file entry14.txt (compact mmCIF, C-alpha atoms and all ligand atoms)
# COMPACT_ATOMS: atom_id res chain seq x y z
CA MET A 1 158.08 140.19 243.24
CA ASN A 2 155.53 138.22 241.26
CA ASP A 3 153.88 141.35 239.95
CA GLY A 4 152.25 142.00 243.26
CA LYS A 5 150.38 138.89 244.29
CA ASN A 6 151.79 136.01 246.22
CA GLU A 7 150.02 133.40 248.22
CA ASN A 8 152.61 131.46 250.10
CA ASN A 9 151.64 129.43 253.11
CA ILE A 10 154.66 130.46 255.19
CA SER A 11 153.70 133.57 257.09
CA PRO A 12 155.84 136.71 256.79
CA MET A 13 156.42 136.43 260.55
CA ILE A 14 158.02 132.97 260.29
CA ARG A 15 160.11 134.25 257.38
CA LYS A 16 161.28 137.22 259.45
CA ILE A 17 162.15 135.09 262.47
CA PHE A 18 164.21 132.55 260.54
CA GLN A 19 165.85 134.74 257.90
CA PRO A 20 168.80 135.88 260.09
CA PHE A 21 169.83 132.23 260.58
CA ALA A 22 169.68 131.26 256.90
CA ASN A 23 173.42 131.81 256.42
CA LEU A 24 174.40 129.28 259.10
CA LEU A 25 174.37 126.41 256.62
CA SER A 26 176.13 126.17 253.28
CA THR A 27 174.18 125.91 250.02
CA SER A 28 175.33 122.31 249.53
CA THR A 29 174.16 121.34 253.04
CA TYR A 30 170.73 122.82 252.26
CA ILE A 31 170.61 120.86 249.02
CA ASN A 32 171.49 117.61 250.81
CA LEU A 33 169.00 118.16 253.64
CA SER A 34 166.14 119.16 251.35
CA GLY A 35 166.80 116.65 248.56
CA LYS A 36 166.15 119.51 246.17
CA GLY A 37 169.08 120.60 244.03
CA LEU A 38 166.96 122.14 241.30
CA ILE A 39 166.10 125.81 241.75
CA LEU A 40 164.25 128.11 239.35
CA PRO A 41 165.07 131.77 240.00
CA PHE A 42 163.08 134.31 237.98
CA TYR A 43 163.18 138.03 237.31
CA HIS A 44 161.17 140.58 235.39
CA THR A 45 163.95 142.86 234.42
CA VAL A 46 167.51 143.90 235.15
CA SER A 47 168.60 147.39 234.23
CA ASP A 48 170.94 150.27 234.94
CA GLN A 49 168.21 152.70 233.89
CA TYR A 50 165.46 154.44 235.81
CA LEU A 51 162.30 152.69 234.56
CA PRO A 52 159.25 154.72 235.69
CA HIS A 53 156.86 152.00 234.48
CA ILE A 54 158.44 149.36 236.74
CA LYS A 55 160.18 151.34 239.47
CA HIS A 56 157.12 151.55 241.76
CA LEU A 57 156.09 147.88 241.43
CA TYR A 58 159.18 145.99 242.55
CA GLN A 59 162.91 146.42 242.88
CA TYR A 60 164.97 145.32 239.91
CA PRO A 61 168.71 144.71 240.21
CA ASN A 62 171.26 146.64 238.21
CA LEU A 63 173.67 144.86 235.88
CA LYS A 64 176.49 144.68 238.41
CA ILE A 65 174.30 143.04 241.06
CA PHE A 66 172.82 140.72 238.45
CA GLU A 67 176.29 139.53 237.42
CA LYS A 68 177.02 138.80 241.07
CA ASN A 69 173.75 136.85 241.31
CA LEU A 70 174.78 134.81 238.30
CA ASP A 71 178.18 134.09 239.82
CA TYR A 72 176.52 132.67 242.92
CA PHE A 73 174.24 130.48 240.81
CA LEU A 74 177.11 129.33 238.59
CA ASN A 75 179.33 128.53 241.59
CA ASN A 76 176.68 126.33 243.17
CA PHE A 77 174.40 125.06 240.39
CA THR A 78 174.62 123.97 236.74
CA PRO A 79 172.63 126.17 234.33
CA VAL A 80 169.92 124.18 232.56
CA GLY A 81 167.18 124.73 229.99
CA PRO A 82 163.62 123.34 229.58
CA ASP A 83 164.83 119.97 228.21
CA TYR A 84 166.43 119.26 231.57
CA LEU A 85 163.13 120.00 233.32
CA LEU A 86 161.35 117.58 230.98
CA ASP A 87 163.90 114.93 232.02
CA CYS A 88 163.09 115.72 235.66
CA VAL A 89 159.39 115.08 234.97
CA SER A 90 160.12 111.58 233.69
CA ASN A 91 162.88 110.97 236.23
CA PRO A 92 162.08 112.83 239.52
CA GLU A 93 165.31 111.60 241.14
CA LYS A 94 167.10 114.16 238.95
CA ILE A 95 165.64 116.98 241.05
CA LYS A 96 168.28 116.15 243.69
CA ASN A 97 171.09 117.31 241.38
CA ASN A 98 172.30 120.91 241.61
CA ALA A 99 170.83 122.84 238.69
CA PHE A 100 169.29 126.25 238.03
CA PHE A 101 166.71 127.20 235.45
CA LEU A 102 166.63 130.93 234.81
CA SER A 103 163.61 132.76 233.44
CA PHE A 104 162.28 136.26 232.83
CA ASP A 105 158.61 137.25 232.81
CA ASP A 106 156.69 139.91 230.87
CA GLY A 107 159.00 140.33 227.83
CA PHE A 108 160.55 143.68 228.76
CA SER A 109 162.94 145.28 226.27
CA GLN A 110 165.83 145.37 228.76
CA PHE A 111 166.16 141.62 228.34
CA TYR A 112 167.21 142.20 224.75
CA SER A 113 169.41 145.24 225.33
CA GLU A 114 170.98 144.62 228.76
CA VAL A 115 170.42 141.06 230.04
CA ALA A 116 170.98 138.84 226.99
CA PRO A 117 174.55 140.09 226.34
CA ILE A 118 175.55 139.20 229.94
CA LEU A 119 173.93 135.78 229.74
CA GLN A 120 175.68 135.08 226.44
CA LYS A 121 179.00 136.19 227.86
CA LYS A 122 178.58 133.81 230.80
CA GLY A 123 177.03 130.99 228.79
CA VAL A 124 173.79 130.89 230.77
CA PRO A 125 170.60 129.81 228.98
CA ALA A 126 167.31 131.50 229.86
CA THR A 127 163.65 131.32 228.99
CA ILE A 128 161.59 134.45 228.42
CA PHE A 129 157.86 134.36 229.03
CA ILE A 130 156.02 136.94 226.98
CA ASN A 131 152.52 138.40 227.06
CA THR A 132 151.44 138.05 223.48
CA ASN A 133 149.20 141.17 223.50
CA PHE A 134 152.16 143.33 224.51
CA VAL A 135 154.69 142.18 221.88
CA ASP A 136 155.69 145.09 219.57
CA ASN A 137 154.30 147.50 222.18
CA LYS A 138 150.75 147.05 220.95
CA SER A 139 149.42 147.50 224.48
CA MET A 140 150.61 147.53 228.05
CA PHE A 141 150.11 145.63 231.33
CA PHE A 142 147.79 147.63 233.63
CA ARG A 143 150.31 147.59 236.48
CA LEU A 144 152.87 149.43 234.33
CA LYS A 145 150.27 152.13 233.83
CA VAL A 146 149.80 152.31 237.59
CA SER A 147 153.56 152.67 238.07
CA LEU A 148 153.66 155.53 235.54
CA ILE A 149 150.87 157.32 237.41
CA ILE A 150 152.64 156.87 240.75
CA ASP A 151 155.87 158.15 239.20
CA GLU A 152 154.10 161.26 237.95
CA ILE A 153 152.54 161.96 241.36
CA LYS A 154 155.80 161.38 243.25
CA ASN A 155 158.08 163.33 240.93
CA ASN A 156 155.95 166.09 239.49
CA THR A 157 153.69 167.15 242.39
CA PRO A 158 150.29 167.50 240.68
CA THR A 159 147.88 170.30 241.59
CA LYS A 160 145.54 169.96 244.56
CA ALA A 161 142.61 169.84 242.14
CA SER A 162 144.16 166.87 240.30
CA ILE A 163 144.74 164.98 243.53
CA LYS A 164 141.14 165.71 244.58
CA ALA A 165 139.89 164.29 241.24
CA ILE A 166 142.05 161.16 241.71
CA GLU A 167 140.72 160.75 245.26
CA ASN A 168 137.15 160.85 243.93
CA ASP A 169 137.87 158.39 241.14
CA LEU A 170 139.50 155.94 243.53
CA ARG A 171 136.57 156.12 245.92
CA TYR A 172 134.44 154.45 243.20
CA ALA A 173 136.86 151.50 243.28
CA GLY A 174 136.56 151.39 247.07
CA ILE A 175 140.09 152.71 247.59
CA ALA A 176 140.78 155.42 250.15
CA TYR A 177 143.64 157.59 248.89
CA SER A 178 146.30 158.63 251.36
CA SER A 179 149.46 158.30 249.25
CA ALA A 180 150.43 157.52 245.66
CA ASN A 181 151.18 153.90 246.61
CA ASP A 182 147.46 153.31 247.24
CA LEU A 183 147.08 153.23 243.46
CA LYS A 184 148.73 149.81 243.58
CA LYS A 185 145.41 148.48 244.90
CA LEU A 186 143.89 148.99 241.44
CA THR A 187 143.26 145.70 239.61
CA TYR A 188 142.89 144.19 236.16
CA SER A 189 139.19 145.14 236.13
CA ASP A 190 139.96 148.82 236.84
CA GLU A 191 141.46 149.57 233.39
CA GLU A 192 138.92 152.29 232.62
CA LEU A 193 139.51 153.99 235.93
CA ILE A 194 143.29 153.84 235.39
CA LEU A 195 142.80 155.59 232.05
CA LYS A 196 140.62 158.24 233.67
CA ILE A 197 143.26 158.97 236.31
CA ALA A 198 145.97 159.10 233.64
CA ASN A 199 143.92 161.70 231.78
CA VAL A 200 143.74 163.86 234.89
CA LEU A 201 147.56 163.89 234.94
CA ASN A 202 147.96 164.20 231.15
CA ILE A 203 149.74 160.84 230.89
CA ASP A 204 149.46 159.35 227.42
CA PHE A 205 150.06 155.59 227.51
CA SER A 206 150.07 155.21 223.70
CA GLU A 207 152.71 157.88 223.45
CA PHE A 208 154.77 156.14 226.14
CA LEU A 209 154.54 152.80 224.30
CA LYS A 210 155.58 154.45 221.05
CA LYS A 211 158.43 156.47 222.49
CA GLU A 212 159.87 154.29 225.25
CA LYS A 213 159.09 150.85 223.79
CA PRO A 214 158.99 149.00 227.14
CA TYR A 215 158.41 145.61 225.45
CA MET A 216 160.47 143.64 222.96
CA SER A 217 159.53 143.56 219.29
CA THR A 218 158.82 140.44 217.23
CA ASP A 219 162.17 140.85 215.47
CA GLN A 220 164.08 141.15 218.74
CA ILE A 221 162.41 138.00 220.12
CA LYS A 222 163.16 136.16 216.87
CA GLU A 223 166.81 137.19 217.14
CA LEU A 224 166.97 135.95 220.76
CA ALA A 225 165.38 132.63 219.74
CA LYS A 226 168.02 132.29 217.04
CA LYS A 227 170.72 132.87 219.66
CA GLY A 228 169.36 129.94 221.67
CA PHE A 229 167.12 131.61 224.23
CA THR A 230 163.81 129.79 224.67
CA ILE A 231 160.50 131.56 224.40
CA GLY A 232 157.40 130.72 226.42
CA ALA A 233 154.04 132.38 226.98
CA HIS A 234 152.82 134.33 230.01
CA SER A 235 149.14 134.67 228.89
CA LYS A 236 147.83 137.19 226.37
CA SER A 237 146.94 140.15 228.58
CA HIS A 238 148.36 139.29 232.04
CA PRO A 239 145.04 138.93 233.93
CA TYR A 240 144.76 137.74 237.52
CA TYR A 241 143.38 134.25 236.85
CA PRO A 242 141.13 133.86 239.92
CA THR A 243 139.10 136.89 238.76
CA ILE A 244 138.34 135.74 235.19
CA SER A 245 136.14 132.88 233.95
CA GLU A 246 137.57 129.44 233.33
CA GLU A 247 136.82 129.82 229.64
CA GLN A 248 138.90 133.02 229.57
CA ARG A 249 141.71 131.38 231.55
CA ILE A 250 141.93 128.51 229.09
CA ALA A 251 141.94 130.92 226.14
CA GLU A 252 144.60 133.17 227.75
CA THR A 253 146.78 130.10 228.37
CA ASN A 254 146.41 128.02 225.23
CA GLU A 255 146.12 130.84 222.70
CA SER A 256 149.21 132.63 224.01
CA MET A 257 151.19 129.41 223.68
CA ASP A 258 149.83 128.80 220.15
CA PHE A 259 151.05 132.31 219.25
CA VAL A 260 154.57 131.66 220.59
CA ILE A 261 154.89 128.29 218.86
CA ASP A 262 153.62 129.71 215.61
CA LYS A 263 155.54 132.98 215.56
CA PHE A 264 158.84 131.95 217.14
CA ASN A 265 159.07 128.35 216.00
CA GLN A 266 159.48 126.91 219.49
CA PRO A 267 159.63 123.14 220.00
CA LEU A 268 158.01 123.17 223.47
CA ARG A 269 154.80 124.60 224.91
CA LEU A 270 156.06 126.55 227.92
CA PHE A 271 153.80 128.68 230.10
CA SER A 272 154.37 130.81 233.19
CA PHE A 273 151.24 131.83 235.05
CA PRO A 274 150.57 135.59 235.26
CA PHE A 275 150.81 136.65 238.95
CA THR A 276 150.38 133.17 240.44
CA ASP A 277 149.07 129.66 239.79
CA TYR A 278 147.56 129.58 243.27
CA ALA A 279 143.94 128.39 243.20
CA MET A 280 144.40 126.58 239.87
CA ASP A 281 143.16 123.04 240.46
CA LYS A 282 143.92 119.74 238.76
CA THR A 283 140.90 120.03 236.45
CA PHE A 284 142.33 123.28 235.07
CA PHE A 285 145.73 121.71 234.45
CA ASP A 286 143.96 118.87 232.63
CA LYS A 287 142.35 121.39 230.28
CA ILE A 288 145.48 123.31 229.27
CA ASN A 289 147.99 122.01 226.79
CA THR A 290 151.51 122.58 228.12
CA ASP A 291 154.77 120.68 228.08
CA LEU A 292 155.94 122.61 231.14
CA SER A 293 154.29 125.29 233.26
CA PHE A 294 155.59 127.57 236.00
CA GLY A 295 154.28 129.21 239.17
CA THR A 296 155.72 131.72 241.61
CA ALA A 297 155.41 130.02 245.02
CA ASN A 298 159.20 130.09 245.63
CA LEU A 299 160.91 126.85 246.67
CA LYS A 300 158.07 124.31 246.71
CA SER A 301 157.13 121.02 245.12
CA ASP A 302 153.93 120.59 243.13
CA SER A 303 151.58 117.64 242.77
CA ILE A 304 151.33 118.49 239.07
CA GLN A 305 154.55 116.87 237.87
CA ASN A 306 155.26 119.25 234.98
CA ASN A 307 154.37 122.42 236.92
CA PHE A 308 157.47 123.94 238.52
CA GLN A 309 157.57 126.62 241.22
CA ARG A 310 160.04 129.48 240.75
CA ILE A 311 161.78 131.77 243.21
CA GLY A 312 161.18 135.52 242.79
CA MET A 313 164.54 137.30 242.94
CA GLU A 314 163.20 140.84 243.30
CA VAL A 315 162.68 140.65 247.05
CA SER A 316 165.32 143.23 247.79
CA VAL A 317 168.16 144.40 245.60
CA ASN A 318 170.34 144.97 248.63
CA GLU A 319 170.04 141.42 249.80
CA HIS A 320 172.59 139.06 248.36
CA THR A 321 171.24 136.25 246.17
CA GLU A 322 172.90 133.71 248.40
CA LYS A 323 170.76 134.91 251.32
CA ILE A 324 167.55 134.87 249.25
CA ILE A 325 168.19 131.30 248.11
CA LYS A 326 169.35 130.06 251.51
CA THR A 327 166.28 131.61 253.17
CA GLU A 328 164.09 129.77 250.67
CA TYR A 329 165.88 126.51 251.50
CA MET A 330 165.47 127.11 255.21
CA LEU A 331 161.75 127.81 254.76
CA PHE A 332 161.46 124.71 252.57
CA LEU A 333 162.90 122.60 255.40
CA ILE A 334 160.41 124.14 257.85
CA LYS A 335 157.56 123.46 255.40
CA LYS A 336 158.84 119.90 255.08
CA LEU A 337 158.66 119.43 258.85
CA MET A 338 155.05 120.64 258.69
CA HIS A 339 154.38 118.43 255.61
CA ARG A 340 153.55 121.53 253.61
CA GLU A 341 156.39 121.55 251.09
CA THR A 342 154.15 120.32 248.26
CA ILE A 343 151.24 122.15 246.65
CA ASN A 344 148.51 119.53 246.41
CA ARG A 345 145.90 120.22 243.75
ZN ZN B 401 154.15 138.84 234.87
call {"tool": "encode", "arguments": {"input": "entry14.txt", "output": "structure tokens"}}
result
Amino acid sequence: MNDGKNENNISPMIRKIFQPFANLLSTSTYINLSGKGLILPFYHTVSDQYLPHIKHLYQYPNLKIFEKNLDYFLNNFTPVGPDYLLDCVSNPEKIKNNAFFLSFDDGFSQFYSEVAPILQKKGVPATIFINTNFVDNKSMFFRLKVSLIIDEIKNNTPTKASIKAIENDLRYAGIAYSSANDLKKLTYSDEELILKIANVLNIDFSEFLKKEKPYMSTDQIKELAKKGFTIGAHSKSHPYYPTISEEQRIAETNESMDFVIDKFNQPLRLFSFPFTDYAMDKTFFDKINTDLSFGTANLKSDSIQNNFQRIGMEVSVNEHTEKIIKTEYMLFLIKKLMHRETINR
């Protein structure tokens, strides 16, 4: 749901125990009890198409389900943009008011072709966070490559010899292969290995980028900006921050924002952390230059006033949005009882 990594201090067991009861209270009761009317749902993509490069990473809703999600949000919350969040930073009392800030990570082309028309029709603003290295399909997030490999294995039954070769390659990365899904254990530092495995299966990533164009182009993003959508950065290459040096983290953060400001004429420096902002301490926040930044810890407060936590909506496409949001509220109340509703950095 946040590209595969999520450190949330509520255990999956507690979530499982309490989830069935989430519907007992109404959304407005949850808002009153929690004192938190501001929610920030986020997605990667919404599509009616089969997307082999995303399919095996997380579940994305189709357009019909997405419209239903929007209806729930619109019936219970007012849609807001980044300016509203800036107001909340200077006036924290505002967080009590019902509002939702919608965003999309990774800059996938379906935002332009499928999502934006629905949002325009319904009058909902949204912010898209792009990886600057991937704009114009210049290169591709390593996890998309992994999904393409898994798709090939699952749908085209490779030869025994190919599987044997993949097994051997994975062993070097310390991964024991028992099914295609084990490939999801590959990380940002395994790029070379991912390429080697793709070669075994005759998958050509450059060809895929050229033909399928999974990411939006500069022109498409410019057009969306003109239509009123806001553009933020999501790092240059989508690394997992805890595994790269601080120098690299700062460059990935600040340079990607410089690119967005420069290329798309944006008034605000907006940044959503790739994967997660977990483990980023106050000193790091002091070194980056953002107006607003965003994590993926679901419904939580943050000791960094202009860093907002968002709720991943790709938990399960079959689960109604209302249940996802209410579960998050219920877990927030439990965290509050345990004094763990705020991330202290
Ligand atoms: Zn991402």
call {"tool": "residues_near_ligand", "arguments": {"input": "entry14.txt", "ligand": "ligand ZN 401 (chain B)", "cutoff": "12 Å", "atoms": "all atoms listed in the file", "output": "PyMOL selection string"}}
result
chain A and resi 1-6+42-45+54+57-58+103-108+128-132+134+140-144+233-241+271-277+294-296+312
call {"tool": "closest_residue", "arguments": {"input": "entry14.txt", "among": "A:Lys121, A:Lys138, A:Lys222, A:His56", "to": "A:Glu152", "atoms": "only C-alpha atoms"}}
result
A:His56
call {"tool": "residues_around", "arguments": {"input": "entry14.txt", "residues": "stretch 111-117 of chain A", "least_positions_apart": "4", "cutoff": "12 Å", "atoms": "only C-alpha atoms", "output": "JSON, numbers by chain"}}
result
{"A": [43, 44, 45, 46, 47, 48, 49, 61, 62, 63, 64, 65, 66, 67, 70, 102, 103, 104, 105, 106, 107, 121, 122, 123, 124, 125, 126, 127, 128, 129, 130, 213, 214, 215, 216, 217, 218, 219, 220, 221, 222, 223, 224, 225, 227, 228, 229, 230]}
call {"tool": "atom_distance", "arguments": {"input": "entry14.txt", "atom1": "atom CA of A:Glu322", "atom2": "atom CA of A:Leu86"}}
result
26.4 Å
call {"tool": "closest_atom_pairs", "arguments": {"input": "entry14.txt", "of": "stretch 278-329 of chain A", "to": "stretch 249-263 of chain A", "cutoff": "12 Å", "atoms": "only C-alpha atoms", "output": "CSV"}}
result
residue,atom,partner,partner_atom,distance
A:Met280,CA,A:Arg249,CA,10.0
A:Thr283,CA,A:Ile250,CA,11.3
A:Phe284,CA,A:Ile250,CA,8.0
A:Phe285,CA,A:Ile250,CA,9.5
A:Asp286,CA,A:Ile250,CA,10.5
A:Lys287,CA,A:Ile250,CA,7.2
A:Ile288,CA,A:Asn254,CA,6.3
A:Asn289,CA,A:Asn254,CA,6.4
A:Thr290,CA,A:Asn254,CA,8.0
A:Asp291,CA,A:Met257,CA,10.4
A:Leu292,CA,A:Met257,CA,11.2
A:Ser293,CA,A:Thr253,CA,10.2
A:Phe294,CA,A:Thr253,CA,11.9
call {"tool": "residues_near_point", "arguments": {"input": "entry14.txt", "point": "(148.1, 115.6, 241.0)", "cutoff": "7 Å", "atoms": "only C-alpha atoms", "output": "PDB file with C-alpha atoms, in the frame of the given file"}}
result
ATOM      1  CA  LYS A 282     143.920 119.740 238.760  1.00  0.00           C
ATOM      2  CA  SER A 303     151.580 117.640 242.770  1.00  0.00           C
ATOM      3  CA  ILE A 304     151.330 118.490 239.070  1.00  0.00           C
ATOM      4  CA  ASN A 344     148.510 119.530 246.410  1.00  0.00           C
ATOM      5  CA  ARG A 345     145.900 120.220 243.750  1.00  0.00           C
TER       6      ARG A 345
END
call {"tool": "closest_residue", "arguments": {"input": "entry14.txt", "among": "A:Gln110, A:Ala165, A:Asn69, A:Lys145", "to": "A:Tyr177", "atoms": "all atoms listed in the file"}}
result
A:Ala165
call {"tool": "closest_residue", "arguments": {"input": "entry14.txt", "among": "A:Ile231, A:Leu119, A:Leu33, A:Ile197", "to": "A:Leu270", "atoms": "all atoms listed in the file"}}
result
A:Ile231
call {"tool": "atom_distance", "arguments": {"input": "entry14.txt", "atom1": "atom CA of A:Ile95", "atom2": "atom CA of A:Leu24"}}
result
23.5 Å
